[in-house]
Amino acid sequence: MFADRADAGRQLAARLTYLRPSDPVVVGLPRGGVPVAYEVARALHAPLDVIVVRKLGLPVDSEVAMGAIGEGGKRVLNDDIVRHVGVSAGELRTVEDRERALLEARETLFRGGRPRCELYGRVVIIVDDGIATGATARVACEVARQLGALRVVVAVPVAPAGADLRLGADEIVSVVQPAEFWAVGAHYRDFRATTDAEVVALLAAETVS
């Protein structure tokens, strides 16, 4: 059980110290992954940035991910879920158009006019507050690859034990992999929603690197 995302980030950072000599870039997945990523970046003396992603929720239940989208037009789908629920092409397009607009707005907000950290030829550590379906982490890996990352590491405090985590990463690091996994938030005492303002403040902090 993690006290909060900052505590989770510090515990995760302890598992990642071996990457410090590789001069990595740490990227958080907004919004909840950024407080975790901040602690990792601070411990590794690494630059901090974001890869903005958005979950594509089912039309009948937005909390259930049928896929995810990322910067640069990237999209991944859980074809099994789409087929099982019977999501039409029109329904998928409606959800994606809505989420794409939100993604672009948040990309502008979070970077605040700062240039993106250069990922070409770098070790990139993608950090979230946990993995459930893996859709957002998977699309973030695709974005990092598109931007030229040399090596991609997905790092999270908690992920399901034995889950299919073939995310396109070179390596996956987690603090815990519980045998009984219900939800990411169940492993935090404080899992209140991270706000846009908190993300902006953490990304603008000068003490990370």
# chains A, B, ... in the order shown; residues from 1 in each chain; ligands from 1

$ residues_around --residues "range 144-156 of chain A" --least-positions-apart "5" --cutoff "8 Å" --atoms "only C-alpha atoms" --output "PyMOL selection string"
chain A and resi 12+119-131+137+169-175

$ write_last_selection --atoms "N, CA and C atoms" --output "compact mmCIF listing (two decimals), in the first residue's frame"
# COMPACT_ATOMS: atom_id res chain seq x y z
N LEU A 12 9.36 3.62 -6.40
CA LEU A 12 9.67 3.21 -7.77
C LEU A 12 11.07 3.66 -8.17
N LEU A 119 13.88 13.10 -27.32
CA LEU A 119 13.91 11.68 -26.98
C LEU A 119 14.79 10.88 -27.93
N TYR A 120 15.20 11.48 -29.03
CA TYR A 120 15.96 10.74 -30.04
C TYR A 120 17.28 10.22 -29.46
N GLY A 121 17.49 8.91 -29.57
CA GLY A 121 18.72 8.31 -29.11
C GLY A 121 18.86 8.21 -27.60
N ARG A 122 17.76 8.46 -26.85
CA ARG A 122 17.81 8.46 -25.39
C ARG A 122 17.10 7.24 -24.81
N VAL A 123 17.47 6.91 -23.59
CA VAL A 123 16.69 5.96 -22.79
C VAL A 123 15.51 6.72 -22.22
N VAL A 124 14.31 6.24 -22.47
CA VAL A 124 13.09 6.93 -22.04
C VAL A 124 12.36 6.06 -21.02
N ILE A 125 12.12 6.62 -19.86
CA ILE A 125 11.37 5.92 -18.81
C ILE A 125 9.95 6.48 -18.79
N ILE A 126 8.98 5.67 -19.17
CA ILE A 126 7.58 6.06 -19.18
C ILE A 126 6.95 5.66 -17.85
N VAL A 127 6.43 6.63 -17.14
CA VAL A 127 5.94 6.40 -15.78
C VAL A 127 4.44 6.70 -15.69
N ASP A 128 3.71 5.77 -15.07
CA ASP A 128 2.31 6.01 -14.74
C ASP A 128 2.11 5.60 -13.28
N ASP A 129 0.91 5.87 -12.73
CA ASP A 129 0.66 5.50 -11.34
C ASP A 129 0.25 4.04 -11.19
N GLY A 130 0.11 3.33 -12.30
CA GLY A 130 -0.21 1.91 -12.28
C GLY A 130 -0.70 1.48 -13.65
N ILE A 131 -0.76 0.18 -13.85
CA ILE A 131 -1.25 -0.37 -15.10
C ILE A 131 -2.46 -1.24 -14.81
N ALA A 137 -0.26 2.99 -21.61
CA ALA A 137 1.18 2.75 -21.62
C ALA A 137 1.63 2.25 -22.98
N ALA A 169 7.54 -2.14 -24.91
CA ALA A 169 8.67 -1.63 -24.14
C ALA A 169 9.81 -2.64 -24.17
N ASP A 170 11.03 -2.15 -23.94
CA ASP A 170 12.17 -3.04 -23.81
C ASP A 170 12.21 -3.69 -22.44
N GLU A 171 11.59 -3.01 -21.46
CA GLU A 171 11.63 -3.51 -20.09
C GLU A 171 10.46 -2.91 -19.33
N ILE A 172 9.95 -3.67 -18.36
CA ILE A 172 8.88 -3.19 -17.50
C ILE A 172 9.35 -3.35 -16.06
N VAL A 173 9.26 -2.27 -15.28
CA VAL A 173 9.67 -2.27 -13.88
C VAL A 173 8.47 -1.89 -13.03
N SER A 174 8.21 -2.67 -11.97
CA SER A 174 7.14 -2.32 -11.04
C SER A 174 7.61 -2.61 -9.62
N VAL A 175 6.97 -1.95 -8.67
CA VAL A 175 7.29 -2.17 -7.26
C VAL A 175 6.57 -3.41 -6.76

$ residues_around --residues "range 98-108 of chain A" --least-positions-apart "6" --cutoff "9 Å" --atoms "only C-alpha atoms" --output "ChimeraX atom specification"
/A:30,50-56,69-71,73,196

$ write_last_selection --atoms "N, CA, C and O atoms" --output "mmCIF file, in the first residue's frame"
data_model
loop_
_atom_site.group_PDB
_atom_site.id
_atom_site.type_symbol
_atom_site.label_atom_id
_atom_site.label_comp_id
_atom_site.auth_asym_id
_atom_site.auth_seq_id
_atom_site.Cartn_x
_atom_site.Cartn_y
_atom_site.Cartn_z
ATOM 1 N N PRO A 30 0.016 11.930 -18.040
ATOM 2 C CA PRO A 30 -0.938 12.757 -17.300
ATOM 3 C C PRO A 30 -2.280 12.049 -17.171
ATOM 4 O O PRO A 30 -2.678 11.305 -18.072
ATOM 5 N N VAL A 50 6.253 15.019 -20.458
ATOM 6 C CA VAL A 50 5.049 14.198 -20.545
ATOM 7 C C VAL A 50 4.917 13.622 -21.944
ATOM 8 O O VAL A 50 5.437 14.174 -22.912
ATOM 9 N N ILE A 51 4.243 12.505 -22.035
ATOM 10 C CA ILE A 51 3.655 12.044 -23.277
ATOM 11 C C ILE A 51 2.152 12.035 -23.013
ATOM 12 O O ILE A 51 1.678 11.291 -22.146
ATOM 13 N N VAL A 52 1.444 12.891 -23.705
ATOM 14 C CA VAL A 52 0.012 13.042 -23.435
ATOM 15 C C VAL A 52 -0.739 11.918 -24.136
ATOM 16 O O VAL A 52 -0.595 11.715 -25.347
ATOM 17 N N VAL A 53 -1.517 11.200 -23.358
ATOM 18 C CA VAL A 53 -2.328 10.097 -23.864
ATOM 19 C C VAL A 53 -3.743 10.247 -23.322
ATOM 20 O O VAL A 53 -3.968 10.937 -22.332
ATOM 21 N N ARG A 54 -4.682 9.608 -23.982
ATOM 22 C CA ARG A 54 -6.068 9.598 -23.521
ATOM 23 C C ARG A 54 -6.654 8.205 -23.724
ATOM 24 O O ARG A 54 -6.464 7.589 -24.768
ATOM 25 N N LYS A 55 -7.324 7.737 -22.702
ATOM 26 C CA LYS A 55 -8.035 6.465 -22.814
ATOM 27 C C LYS A 55 -9.243 6.632 -23.712
ATOM 28 O O LYS A 55 -9.910 7.668 -23.694
ATOM 29 N N LEU A 56 -9.523 5.614 -24.521
ATOM 30 C CA LEU A 56 -10.760 5.563 -25.300
ATOM 31 C C LEU A 56 -11.733 4.667 -24.551
ATOM 32 O O LEU A 56 -11.615 3.436 -24.580
ATOM 33 N N ILE A 69 -5.306 6.738 -27.250
ATOM 34 C CA ILE A 69 -4.655 7.560 -28.270
ATOM 35 C C ILE A 69 -3.501 8.323 -27.636
ATOM 36 O O ILE A 69 -3.462 8.535 -26.417
ATOM 37 N N GLY A 70 -2.551 8.727 -28.485
ATOM 38 C CA GLY A 70 -1.417 9.490 -28.002
ATOM 39 C C GLY A 70 -1.045 10.581 -28.980
ATOM 40 O O GLY A 70 -1.629 10.708 -30.058
ATOM 41 N N GLU A 71 -0.067 11.370 -28.596
ATOM 42 C CA GLU A 71 0.428 12.441 -29.450
ATOM 43 C C GLU A 71 0.891 11.879 -30.794
ATOM 44 O O GLU A 71 1.251 10.715 -30.906
ATOM 45 N N GLY A 73 -0.864 11.415 -33.445
ATOM 46 C CA GLY A 73 -1.866 10.629 -34.149
ATOM 47 C C GLY A 73 -1.865 9.149 -33.822
ATOM 48 O O GLY A 73 -2.556 8.364 -34.477
ATOM 49 N N ASP A 196 -5.089 19.394 -13.294
ATOM 50 C CA ASP A 196 -4.265 19.988 -14.346
ATOM 51 C C ASP A 196 -3.247 20.950 -13.757
ATOM 52 O O ASP A 196 -2.087 20.996 -14.191
#

$ select_by_dssp --residues "range 3-209 of chain A" --states "helix (DSSP H, G or I)" --output "PyMOL selection string"
chain A and resi 5-14+17-22+33-44+71-73+79-85+89-111+135-146+184-187+196-204

$ write_last_selection --atoms "C-alpha atoms" --output "compact mmCIF listing (two decimals), in the first residue's frame"
# COMPACT_ATOMS: atom_id res chain seq x y z
CA ARG A 5 1.64 9.06 -5.62
CA ALA A 6 4.71 10.83 -4.27
CA ASP A 7 5.44 7.92 -1.96
CA ALA A 8 4.90 5.50 -4.85
CA GLY A 9 7.29 7.54 -6.99
CA ARG A 10 10.03 7.41 -4.37
CA GLN A 11 9.67 3.64 -4.00
CA LEU A 12 9.67 3.21 -7.77
CA ALA A 13 12.74 5.42 -8.12
CA ALA A 14 14.66 3.06 -5.82
CA THR A 17 18.73 3.77 -9.91
CA TYR A 18 20.60 1.40 -12.24
CA LEU A 19 19.42 3.57 -15.15
CA ARG A 20 20.99 6.79 -13.85
CA PRO A 21 24.30 6.31 -15.75
CA SER A 22 22.36 6.05 -19.03
CA GLY A 33 1.51 9.51 -13.62
CA VAL A 34 3.17 12.92 -13.40
CA PRO A 35 3.51 13.12 -9.57
CA VAL A 36 5.06 9.63 -9.67
CA ALA A 37 7.35 10.59 -12.55
CA TYR A 38 8.42 13.78 -10.75
CA GLU A 39 9.88 11.75 -7.88
CA VAL A 40 11.61 9.38 -10.29
CA ALA A 41 13.13 12.26 -12.27
CA ARG A 42 14.31 13.98 -9.10
CA ALA A 43 15.98 10.80 -7.80
CA LEU A 44 17.68 10.10 -11.14
CA GLU A 71 0.43 12.44 -29.45
CA GLY A 72 1.36 12.33 -33.11
CA GLY A 73 -1.87 10.63 -34.15
CA ASP A 79 -9.86 -5.45 -30.70
CA ASP A 80 -11.32 -8.17 -28.48
CA ILE A 81 -13.26 -5.63 -26.41
CA VAL A 82 -14.39 -3.69 -29.49
CA ARG A 83 -15.72 -6.86 -31.10
CA HIS A 84 -17.26 -8.25 -27.91
CA VAL A 85 -19.20 -5.06 -27.16
CA ALA A 89 -16.94 2.47 -36.58
CA GLY A 90 -19.07 5.58 -36.06
CA GLU A 91 -19.13 5.17 -32.28
CA LEU A 92 -15.38 4.67 -32.22
CA ARG A 93 -14.83 7.77 -34.36
CA THR A 94 -17.06 9.87 -32.07
CA VAL A 95 -15.14 8.80 -28.95
CA GLU A 96 -11.76 9.29 -30.62
CA ASP A 97 -12.63 12.76 -31.99
CA ARG A 98 -13.72 13.90 -28.53
CA GLU A 99 -10.64 12.51 -26.81
CA ARG A 100 -8.30 13.81 -29.51
CA ALA A 101 -9.56 17.36 -28.92
CA LEU A 102 -8.95 16.98 -25.17
CA LEU A 103 -5.50 15.51 -25.80
CA GLU A 104 -4.42 18.44 -27.98
CA ALA A 105 -5.71 20.98 -25.45
CA ARG A 106 -3.85 19.31 -22.61
CA GLU A 107 -0.66 19.01 -24.61
CA THR A 108 -0.70 22.79 -25.04
CA LEU A 109 -1.60 23.39 -21.39
CA PHE A 110 0.95 21.07 -19.84
CA ARG A 111 3.96 22.16 -21.86
CA ALA A 135 -3.69 0.67 -23.28
CA THR A 136 -2.30 4.10 -22.38
CA ALA A 137 1.18 2.75 -21.62
CA ARG A 138 1.18 0.88 -24.91
CA VAL A 139 0.33 3.95 -26.97
CA ALA A 140 2.91 5.99 -25.04
CA CYS A 141 5.55 3.43 -26.01
CA GLU A 142 4.58 3.89 -29.65
CA VAL A 143 4.91 7.67 -29.34
CA ALA A 144 8.36 7.32 -27.74
CA ARG A 145 9.48 4.99 -30.52
CA GLN A 146 8.18 7.41 -33.14
CA VAL A 184 -4.80 0.70 -9.34
CA GLY A 185 -6.37 2.97 -6.72
CA ALA A 186 -6.85 0.08 -4.31
CA HIS A 187 -3.10 0.13 -3.68
CA ASP A 196 -4.27 19.99 -14.35
CA ALA A 197 -2.77 22.71 -12.14
CA GLU A 198 -0.71 20.16 -10.21
CA VAL A 199 0.63 18.68 -13.45
CA VAL A 200 1.58 22.11 -14.78
CA ALA A 201 3.36 23.00 -11.52
CA LEU A 202 5.36 19.78 -11.39
CA LEU A 203 6.45 20.05 -15.02
CA ALA A 204 7.51 23.66 -14.49

$ select_by_dssp --residues "chain A" --states "strand (DSSP E)" --output "ChimeraX atom specification"
/A:25-28,48-50,53-58,61-70,74-77,123-127,151-158,171-176

$ closest_residue --among "A:Cys117, A:Ala132, A:Ala205, A:Leu167" --to "Trp182 in chain A" --atoms "only C-alpha atoms"
A:Ala132
